Amino acid sequence: MSEITFRPARAADIHAVSALLEPLVERRILLGKDLAVLFGAVQEFVVAEIDGEVIGCGALHVMWEDLGEVRTLVVREDWLHHGVGRGIVERLEQNALALGLTRLFCLTFEVPFFTRRGFAPIGEHVVDPDVYTQLLRSGDEGVAEFLDLAHVKPNTLGNTRMLKQLI
């Protein structure tokens with residue numbers, strides 16, 4: 001069998017990324033993302049592929065000078081429990097460190113998976129009040145979810161907010 005490769009996503013991968021997301025969107029596990037949004041964020045994505053086929057993806061979104069978010073982590077169902085998710089998160093952590101980030105946030109139903117990767121559930125106040133005020137100005141829904149703002153609570157019900165200290 002071929003080896004799984006983890007690499008930065010290319011624009012040509014976005015249709016495959018969208019196809020990976022679709023079953024989870026249909027089951028209301030993830031919010032849908034328009035292709036335009038995915039293409040606009042291609043540089044945030046890492047993909048896992050085998051024999052030229054994308055079998056997983058994840059994105060790193062920078063939220064603040066020391067803080068990033070692991071987003072849109074998806075592994076094709078037939079590749080679950082084969083190290084694909086772990087490999088994607090490890091690659092995203094390397095990218096985060098290269099960008100000078102020291103903390104990673106995620107909003108997830110997959111608490112045991114992220115706990116094994118060193119993430120821990122968090123409360124509401126993980127940034128100081130000045131940073132909170134600055135982040136409130138962001139139009140990004142992921143930032144709103146991080147801040148646990150009321151207007152995104154219907155999107156986050158059942159999810160756990162988790163954080164990992166990288167260094």
# chains A, B, ... in the order shown; residues from 1 in each chain; ligands from 1

$ select_by_dssp --residues "segment 26-66 of chain A" --states "alpha helix (DSSP H)" --output "VMD selection string"
chain A and resid 26 35 to 40

$ write_last_selection --atoms "all heavy atoms" --output "compact mmCIF listing (two decimals), in the first residue's frame"
# COMPACT_ATOMS: atom_id res chain seq x y z
N GLU A 26 -24.23 17.75 5.72
CA GLU A 26 -25.56 17.14 5.64
C GLU A 26 -26.01 16.60 6.98
O GLU A 26 -27.19 16.65 7.31
CB GLU A 26 -25.58 16.03 4.59
CG GLU A 26 -25.51 16.54 3.17
CD GLU A 26 -25.39 15.42 2.14
OE1 GLU A 26 -25.47 14.22 2.52
OE2 GLU A 26 -25.21 15.74 0.96
N LEU A 35 -17.74 27.41 -1.97
CA LEU A 35 -16.48 27.21 -2.67
C LEU A 35 -15.62 28.46 -2.66
O LEU A 35 -14.40 28.38 -2.51
CB LEU A 35 -16.72 26.75 -4.11
CG LEU A 35 -17.05 25.27 -4.29
CD1 LEU A 35 -17.44 24.98 -5.73
CD2 LEU A 35 -15.88 24.40 -3.86
N ALA A 36 -16.25 29.63 -2.81
CA ALA A 36 -15.48 30.89 -2.80
C ALA A 36 -14.73 31.06 -1.48
O ALA A 36 -13.59 31.52 -1.47
CB ALA A 36 -16.40 32.08 -3.05
N VAL A 37 -15.35 30.68 -0.38
CA VAL A 37 -14.71 30.78 0.94
C VAL A 37 -13.55 29.79 1.02
O VAL A 37 -12.46 30.12 1.50
CB VAL A 37 -15.73 30.54 2.07
CG1 VAL A 37 -15.04 30.43 3.42
CG2 VAL A 37 -16.78 31.64 2.08
N LEU A 38 -13.77 28.58 0.54
CA LEU A 38 -12.71 27.56 0.58
C LEU A 38 -11.53 27.97 -0.30
O LEU A 38 -10.37 27.84 0.12
CB LEU A 38 -13.26 26.20 0.15
CG LEU A 38 -14.26 25.56 1.10
CD1 LEU A 38 -14.87 24.31 0.47
CD2 LEU A 38 -13.62 25.24 2.44
N PHE A 39 -11.81 28.46 -1.51
CA PHE A 39 -10.71 28.91 -2.37
C PHE A 39 -9.95 30.07 -1.71
O PHE A 39 -8.73 30.12 -1.77
CB PHE A 39 -11.22 29.33 -3.75
CG PHE A 39 -11.41 28.19 -4.70
CD1 PHE A 39 -12.67 27.82 -5.11
CD2 PHE A 39 -10.32 27.48 -5.18
CE1 PHE A 39 -12.86 26.76 -5.99
CE2 PHE A 39 -10.49 26.42 -6.06
CZ PHE A 39 -11.77 26.05 -6.47
N GLY A 40 -10.68 30.97 -1.05
CA GLY A 40 -10.04 32.11 -0.39
C GLY A 40 -9.17 31.71 0.78
O GLY A 40 -8.29 32.47 1.19

$ select_by_dssp --residues "segment 46-143 of chain A" --states "strand (DSSP E or B)" --output "PyMOL selection string"
chain A and resi 46-50+53-64+67-75+103-108+120-121

$ write_last_selection --atoms "N, CA and C atoms" --output "compact mmCIF listing (two decimals), in the first residue's frame"
# COMPACT_ATOMS: atom_id res chain seq x y z
N VAL A 46 -4.14 22.10 4.92
CA VAL A 46 -3.24 20.98 4.70
C VAL A 46 -4.14 19.83 4.25
N VAL A 47 -3.67 19.04 3.30
CA VAL A 47 -4.43 17.87 2.89
C VAL A 47 -3.60 16.62 3.11
N ALA A 48 -4.32 15.52 3.31
CA ALA A 48 -3.71 14.20 3.35
C ALA A 48 -4.14 13.50 2.08
N GLU A 49 -3.17 12.88 1.40
CA GLU A 49 -3.52 12.18 0.17
C GLU A 49 -2.80 10.85 0.10
N ILE A 50 -3.41 9.96 -0.64
CA ILE A 50 -2.79 8.68 -0.92
C ILE A 50 -3.09 8.37 -2.39
N GLU A 53 -5.15 10.91 -4.23
CA GLU A 53 -6.52 11.16 -3.82
C GLU A 53 -6.54 11.81 -2.44
N VAL A 54 -7.27 12.92 -2.30
CA VAL A 54 -7.37 13.61 -1.02
C VAL A 54 -8.30 12.82 -0.11
N ILE A 55 -7.77 12.44 1.07
CA ILE A 55 -8.55 11.64 2.02
C ILE A 55 -8.78 12.36 3.34
N GLY A 56 -8.22 13.56 3.48
CA GLY A 56 -8.41 14.33 4.70
C GLY A 56 -7.91 15.74 4.52
N CYS A 57 -8.39 16.63 5.38
CA CYS A 57 -7.95 18.02 5.33
C CYS A 57 -8.11 18.66 6.69
N GLY A 58 -7.45 19.78 6.85
CA GLY A 58 -7.59 20.60 8.04
C GLY A 58 -6.99 21.96 7.73
N ALA A 59 -7.44 22.96 8.47
CA ALA A 59 -6.97 24.32 8.23
C ALA A 59 -6.48 24.94 9.53
N LEU A 60 -5.53 25.84 9.38
CA LEU A 60 -5.02 26.65 10.48
C LEU A 60 -5.36 28.09 10.18
N HIS A 61 -6.17 28.68 11.04
CA HIS A 61 -6.56 30.07 10.88
C HIS A 61 -5.93 30.89 12.00
N VAL A 62 -5.17 31.90 11.64
CA VAL A 62 -4.55 32.77 12.64
C VAL A 62 -5.62 33.71 13.19
N MET A 63 -5.74 33.73 14.53
CA MET A 63 -6.74 34.58 15.18
C MET A 63 -6.11 35.81 15.83
N TRP A 64 -4.90 35.65 16.33
CA TRP A 64 -4.21 36.74 17.02
C TRP A 64 -2.73 36.45 16.96
N LEU A 67 -2.21 33.16 18.72
CA LEU A 67 -3.33 32.23 18.78
C LEU A 67 -3.83 31.86 17.39
N GLY A 68 -3.96 30.56 17.16
CA GLY A 68 -4.53 30.06 15.92
C GLY A 68 -5.65 29.08 16.22
N GLU A 69 -6.41 28.76 15.18
CA GLU A 69 -7.50 27.81 15.33
C GLU A 69 -7.34 26.67 14.32
N VAL A 70 -7.51 25.45 14.80
CA VAL A 70 -7.61 24.30 13.92
C VAL A 70 -9.06 24.25 13.46
N ARG A 71 -9.25 24.35 12.13
CA ARG A 71 -10.58 24.38 11.55
C ARG A 71 -10.74 23.29 10.50
N THR A 72 -11.97 22.94 10.27
CA THR A 72 -12.34 22.12 9.11
C THR A 72 -11.49 20.85 9.03
N LEU A 73 -11.31 20.20 10.17
CA LEU A 73 -10.56 18.94 10.20
C LEU A 73 -11.52 17.81 9.83
N VAL A 74 -11.24 17.19 8.70
CA VAL A 74 -12.12 16.13 8.18
C VAL A 74 -11.25 15.01 7.62
N VAL A 75 -11.65 13.79 7.95
CA VAL A 75 -11.00 12.61 7.38
C VAL A 75 -12.10 11.76 6.75
N ARG A 103 -0.40 29.11 20.91
CA ARG A 103 -1.62 28.43 21.38
C ARG A 103 -2.51 28.10 20.18
N LEU A 104 -3.18 26.93 20.29
CA LEU A 104 -4.14 26.54 19.26
C LEU A 104 -5.49 26.26 19.91
N PHE A 105 -6.52 26.76 19.27
CA PHE A 105 -7.90 26.60 19.71
C PHE A 105 -8.61 25.66 18.74
N CYS A 106 -9.60 24.93 19.23
CA CYS A 106 -10.51 24.21 18.35
C CYS A 106 -11.88 24.16 19.01
N LEU A 107 -12.89 24.03 18.20
CA LEU A 107 -14.27 23.86 18.65
C LEU A 107 -14.71 22.53 18.06
N THR A 108 -15.01 21.56 18.90
CA THR A 108 -15.13 20.20 18.39
C THR A 108 -16.14 19.35 19.15
N ALA A 120 -7.08 20.82 25.80
CA ALA A 120 -7.88 20.69 27.01
C ALA A 120 -9.08 21.63 26.92
N PRO A 121 -10.22 21.20 27.47
CA PRO A 121 -11.40 22.10 27.47
C PRO A 121 -11.08 23.41 28.18

$ closest_residue --among "A:Asp130, A:Phe45, A:Val17, A:Val111" --to "Lys33 of chain A" --atoms "only C-alpha atoms"
A:Val17

$ residues_around --residues "Asp34 of chain A" --least-positions-apart "5" --cutoff "12 Å" --atoms "only C-alpha atoms" --output "tab-separated table (two decimals) with N, CA and C atoms, in the first residue's frame"
chain	number	residue	atom	x	y	z
A	14	ILE	N	-9.43	22.03	-3.80
A	14	ILE	CA	-10.59	22.58	-3.10
A	14	ILE	C	-11.88	21.84	-3.41
A	15	HIS	N	-12.06	21.38	-4.62
A	15	HIS	CA	-13.27	20.60	-4.90
A	15	HIS	C	-13.28	19.30	-4.10
A	17	VAL	N	-11.77	18.91	-1.17
A	17	VAL	CA	-12.03	19.35	0.21
A	17	VAL	C	-13.53	19.56	0.41
A	18	SER	N	-14.17	20.23	-0.53
A	18	SER	CA	-15.61	20.45	-0.45
A	18	SER	C	-16.37	19.13	-0.40
A	19	ALA	N	-15.95	18.16	-1.21
A	19	ALA	CA	-16.60	16.85	-1.21
A	19	ALA	C	-16.42	16.13	0.13
A	21	LEU	N	-16.23	17.64	3.02
A	21	LEU	CA	-17.07	18.35	3.98
A	21	LEU	C	-18.54	18.00	3.84
A	22	GLU	N	-18.98	17.76	2.63
A	22	GLU	CA	-20.42	17.63	2.35
A	22	GLU	C	-21.17	16.63	3.23
A	25	VAL	N	-21.65	18.22	6.60
A	25	VAL	CA	-22.58	19.34	6.52
A	25	VAL	C	-24.01	18.79	6.51
A	39	PHE	N	-11.81	28.46	-1.51
A	39	PHE	CA	-10.71	28.91	-2.37
A	39	PHE	C	-9.95	30.07	-1.71
A	40	GLY	N	-10.68	30.97	-1.05
A	40	GLY	CA	-10.04	32.11	-0.39
A	40	GLY	C	-9.17	31.71	0.78
A	41	ALA	N	-9.41	30.53	1.32
A	41	ALA	CA	-8.64	30.07	2.48
A	41	ALA	C	-7.69	28.93	2.12

$ decode --residues "segment 80-117 of chain A" --atoms "N, CA, C and O atoms" --output "JSON list (two decimals), in the first residue's frame"
[["chain", "number", "residue", "atom", "x", "y", "z"],
["A", 80, "LEU", "N", -10.73, 6.75, 8.72],
["A", 80, "LEU", "CA", -10.70, 7.05, 10.15],
["A", 80, "LEU", "C", -9.88, 5.97, 10.87],
["A", 80, "LEU", "O", -9.87, 4.81, 10.46],
["A", 81, "HIS", "N", -9.17, 6.37, 11.92],
["A", 81, "HIS", "CA", -8.37, 5.47, 12.76],
["A", 81, "HIS", "C", -7.17, 4.88, 12.02],
["A", 81, "HIS", "O", -6.72, 3.78, 12.33],
["A", 82, "HIS", "N", -6.64, 5.64, 11.04],
["A", 82, "HIS", "CA", -5.42, 5.25, 10.33],
["A", 82, "HIS", "C", -4.32, 6.31, 10.49],
["A", 82, "HIS", "O", -3.36, 6.30, 9.73],
["A", 83, "GLY", "N", -4.48, 7.23, 11.43],
["A", 83, "GLY", "CA", -3.46, 8.25, 11.66],
["A", 83, "GLY", "C", -3.57, 9.48, 10.77],
["A", 83, "GLY", "O", -2.70, 10.35, 10.83],
["A", 84, "VAL", "N", -4.62, 9.56, 9.98],
["A", 84, "VAL", "CA", -4.76, 10.69, 9.06],
["A", 84, "VAL", "C", -5.02, 11.99, 9.83],
["A", 84, "VAL", "O", -4.34, 13.00, 9.62],
["A", 85, "GLY", "N", -5.98, 11.97, 10.74],
["A", 85, "GLY", "CA", -6.28, 13.16, 11.53],
["A", 85, "GLY", "C", -5.09, 13.60, 12.36],
["A", 85, "GLY", "O", -4.76, 14.78, 12.43],
["A", 86, "ARG", "N", -4.44, 12.64, 12.98],
["A", 86, "ARG", "CA", -3.24, 12.94, 13.79],
["A", 86, "ARG", "C", -2.18, 13.61, 12.92],
["A", 86, "ARG", "O", -1.59, 14.62, 13.31],
["A", 87, "GLY", "N", -1.94, 13.06, 11.74],
["A", 87, "GLY", "CA", -0.93, 13.63, 10.84],
["A", 87, "GLY", "C", -1.28, 15.04, 10.40],
["A", 87, "GLY", "O", -0.40, 15.90, 10.32],
["A", 88, "ILE", "N", -2.55, 15.28, 10.14],
["A", 88, "ILE", "CA", -2.97, 16.64, 9.74],
["A", 88, "ILE", "C", -2.76, 17.61, 10.89],
["A", 88, "ILE", "O", -2.20, 18.70, 10.70],
["A", 89, "VAL", "N", -3.17, 17.23, 12.09],
["A", 89, "VAL", "CA", -3.00, 18.13, 13.25],
["A", 89, "VAL", "C", -1.53, 18.39, 13.52],
["A", 89, "VAL", "O", -1.13, 19.53, 13.80],
["A", 90, "GLU", "N", -0.70, 17.36, 13.41],
["A", 90, "GLU", "CA", 0.75, 17.57, 13.61],
["A", 90, "GLU", "C", 1.30, 18.56, 12.60],
["A", 90, "GLU", "O", 2.10, 19.44, 12.95],
["A", 91, "ARG", "N", 0.88, 18.44, 11.36],
["A", 91, "ARG", "CA", 1.34, 19.38, 10.32],
["A", 91, "ARG", "C", 0.84, 20.80, 10.60],
["A", 91, "ARG", "O", 1.58, 21.77, 10.45],
["A", 92, "LEU", "N", -0.42, 20.92, 11.05],
["A", 92, "LEU", "CA", -0.96, 22.24, 11.38],
["A", 92, "LEU", "C", -0.21, 22.85, 12.57],
["A", 92, "LEU", "O", 0.03, 24.06, 12.60],
["A", 93, "GLU", "N", 0.17, 22.02, 13.53],
["A", 93, "GLU", "CA", 0.95, 22.52, 14.67],
["A", 93, "GLU", "C", 2.32, 23.01, 14.22],
["A", 93, "GLU", "O", 2.79, 24.05, 14.70],
["A", 94, "GLN", "N", 2.95, 22.30, 13.30],
["A", 94, "GLN", "CA", 4.24, 22.76, 12.75],
["A", 94, "GLN", "C", 4.06, 24.11, 12.05],
["A", 94, "GLN", "O", 4.88, 25.01, 12.22],
["A", 95, "ASN", "N", 3.00, 24.23, 11.28],
["A", 95, "ASN", "CA", 2.72, 25.50, 10.60],
["A", 95, "ASN", "C", 2.49, 26.62, 11.61],
["A", 95, "ASN", "O", 2.97, 27.74, 11.41],
["A", 96, "ALA", "N", 1.77, 26.31, 12.68],
["A", 96, "ALA", "CA", 1.49, 27.31, 13.71],
["A", 96, "ALA", "C", 2.80, 27.79, 14.36],
["A", 96, "ALA", "O", 3.00, 29.00, 14.54],
["A", 97, "LEU", "N", 3.67, 26.85, 14.69],
["A", 97, "LEU", "CA", 4.95, 27.23, 15.29],
["A", 97, "LEU", "C", 5.79, 28.07, 14.32],
["A", 97, "LEU", "O", 6.43, 29.03, 14.74],
["A", 98, "ALA", "N", 5.76, 27.71, 13.05],
["A", 98, "ALA", "CA", 6.51, 28.48, 12.04],
["A", 98, "ALA", "C", 5.99, 29.91, 11.93],
["A", 98, "ALA", "O", 6.75, 30.83, 11.59],
["A", 99, "LEU", "N", 4.71, 30.10, 12.24],
["A", 99, "LEU", "CA", 4.11, 31.44, 12.21],
["A", 99, "LEU", "C", 4.29, 32.19, 13.54],
["A", 99, "LEU", "O", 3.85, 33.33, 13.68],
["A", 100, "GLY", "N", 4.90, 31.54, 14.53],
["A", 100, "GLY", "CA", 5.12, 32.18, 15.83],
["A", 100, "GLY", "C", 3.95, 32.06, 16.78],
["A", 100, "GLY", "O", 3.90, 32.75, 17.80],
["A", 101, "LEU", "N", 3.01, 31.17, 16.49],
["A", 101, "LEU", "CA", 1.86, 30.99, 17.38],
["A", 101, "LEU", "C", 2.26, 30.09, 18.55],
["A", 101, "LEU", "O", 3.09, 29.18, 18.38],
["A", 102, "THR", "N", 1.68, 30.34, 19.70],
["A", 102, "THR", "CA", 2.00, 29.54, 20.88],
["A", 102, "THR", "C", 0.79, 28.78, 21.42],
["A", 102, "THR", "O", 0.94, 27.93, 22.29],
["A", 103, "ARG", "N", -0.40, 29.11, 20.91],
["A", 103, "ARG", "CA", -1.62, 28.43, 21.38],
["A", 103, "ARG", "C", -2.51, 28.10, 20.18],
["A", 103, "ARG", "O", -2.58, 28.87, 19.23],
["A", 104, "LEU", "N", -3.18, 26.93, 20.29],
["A", 104, "LEU", "CA", -4.14, 26.54, 19.26],
["A", 104, "LEU", "C", -5.49, 26.26, 19.91],
["A", 104, "LEU", "O", -5.57, 25.58, 20.93],
["A", 105, "PHE", "N", -6.52, 26.76, 19.27],
["A", 105, "PHE", "CA", -7.90, 26.60, 19.71],
["A", 105, "PHE", "C", -8.61, 25.66, 18.74],
["A", 105, "PHE", "O", -8.27, 25.60, 17.56],
["A", 106, "CYS", "N", -9.60, 24.93, 19.23],
["A", 106, "CYS", "CA", -10.51, 24.21, 18.35],
["A", 106, "CYS", "C", -11.88, 24.16, 19.01],
["A", 106, "CYS", "O", -12.00, 24.25, 20.24],
["A", 107, "LEU", "N", -12.89, 24.03, 18.20],
["A", 107, "LEU", "CA", -14.27, 23.86, 18.65],
["A", 107, "LEU", "C", -14.71, 22.53, 18.06],
["A", 107, "LEU", "O", -14.74, 22.38, 16.84],
["A", 108, "THR", "N", -15.01, 21.56, 18.90],
["A", 108, "THR", "CA", -15.13, 20.20, 18.39],
["A", 108, "THR", "C", -16.14, 19.35, 19.15],
["A", 108, "THR", "O", -16.41, 19.58, 20.33],
["A", 109, "PHE", "N", -16.65, 18.34, 18.44],
["A", 109, "PHE", "CA", -17.39, 17.24, 19.07],
["A", 109, "PHE", "C", -16.42, 16.12, 19.43],
["A", 109, "PHE", "O", -16.75, 15.22, 20.18],
["A", 110, "GLU", "N", -15.23, 16.13, 18.84],
["A", 110, "GLU", "CA", -14.26, 15.03, 18.97],
["A", 110, "GLU", "C", -13.29, 15.28, 20.12],
["A", 110, "GLU", "O", -12.07, 15.34, 19.95],
["A", 111, "VAL", "N", -13.84, 15.38, 21.33],
["A", 111, "VAL", "CA", -13.04, 15.72, 22.51],
["A", 111, "VAL", "C", -11.94, 14.69, 22.79],
["A", 111, "VAL", "O", -10.79, 15.07, 23.01],
["A", 112, "PRO", "N", -12.23, 13.39, 22.76],
["A", 112, "PRO", "CA", -11.14, 12.43, 23.03],
["A", 112, "PRO", "C", -9.98, 12.55, 22.03],
["A", 112, "PRO", "O", -8.81, 12.47, 22.44],
["A", 113, "PHE", "N", -10.28, 12.74, 20.75],
["A", 113, "PHE", "CA", -9.24, 12.88, 19.74],
["A", 113, "PHE", "C", -8.34, 14.07, 20.08],
["A", 113, "PHE", "O", -7.10, 13.94, 20.10],
["A", 114, "PHE", "N", -8.93, 15.23, 20.35],
["A", 114, "PHE", "CA", -8.12, 16.42, 20.63],
["A", 114, "PHE", "C", -7.44, 16.33, 22.00],
["A", 114, "PHE", "O", -6.34, 16.85, 22.16],
["A", 115, "THR", "N", -8.05, 15.67, 22.96],
["A", 115, "THR", "CA", -7.41, 15.47, 24.26],
["A", 115, "THR", "C", -6.12, 14.66, 24.08],
["A", 115, "THR", "O", -5.09, 15.00, 24.67],
["A", 116, "ARG", "N", -6.17, 13.62, 23.25],
["A", 116, "ARG", "CA", -4.96, 12.83, 22.98],
["A", 116, "ARG", "C", -3.88, 13.65, 22.29],
["A", 116, "ARG", "O", -2.70, 13.31, 22.37],
["A", 117, "ARG", "N", -4.24, 14.72, 21.65],
["A", 117, "ARG", "CA", -3.28, 15.61, 20.97],
["A", 117, "ARG", "C", -2.81, 16.75, 21.90],
["A", 117, "ARG", "O", -2.13, 17.66, 21.46]]
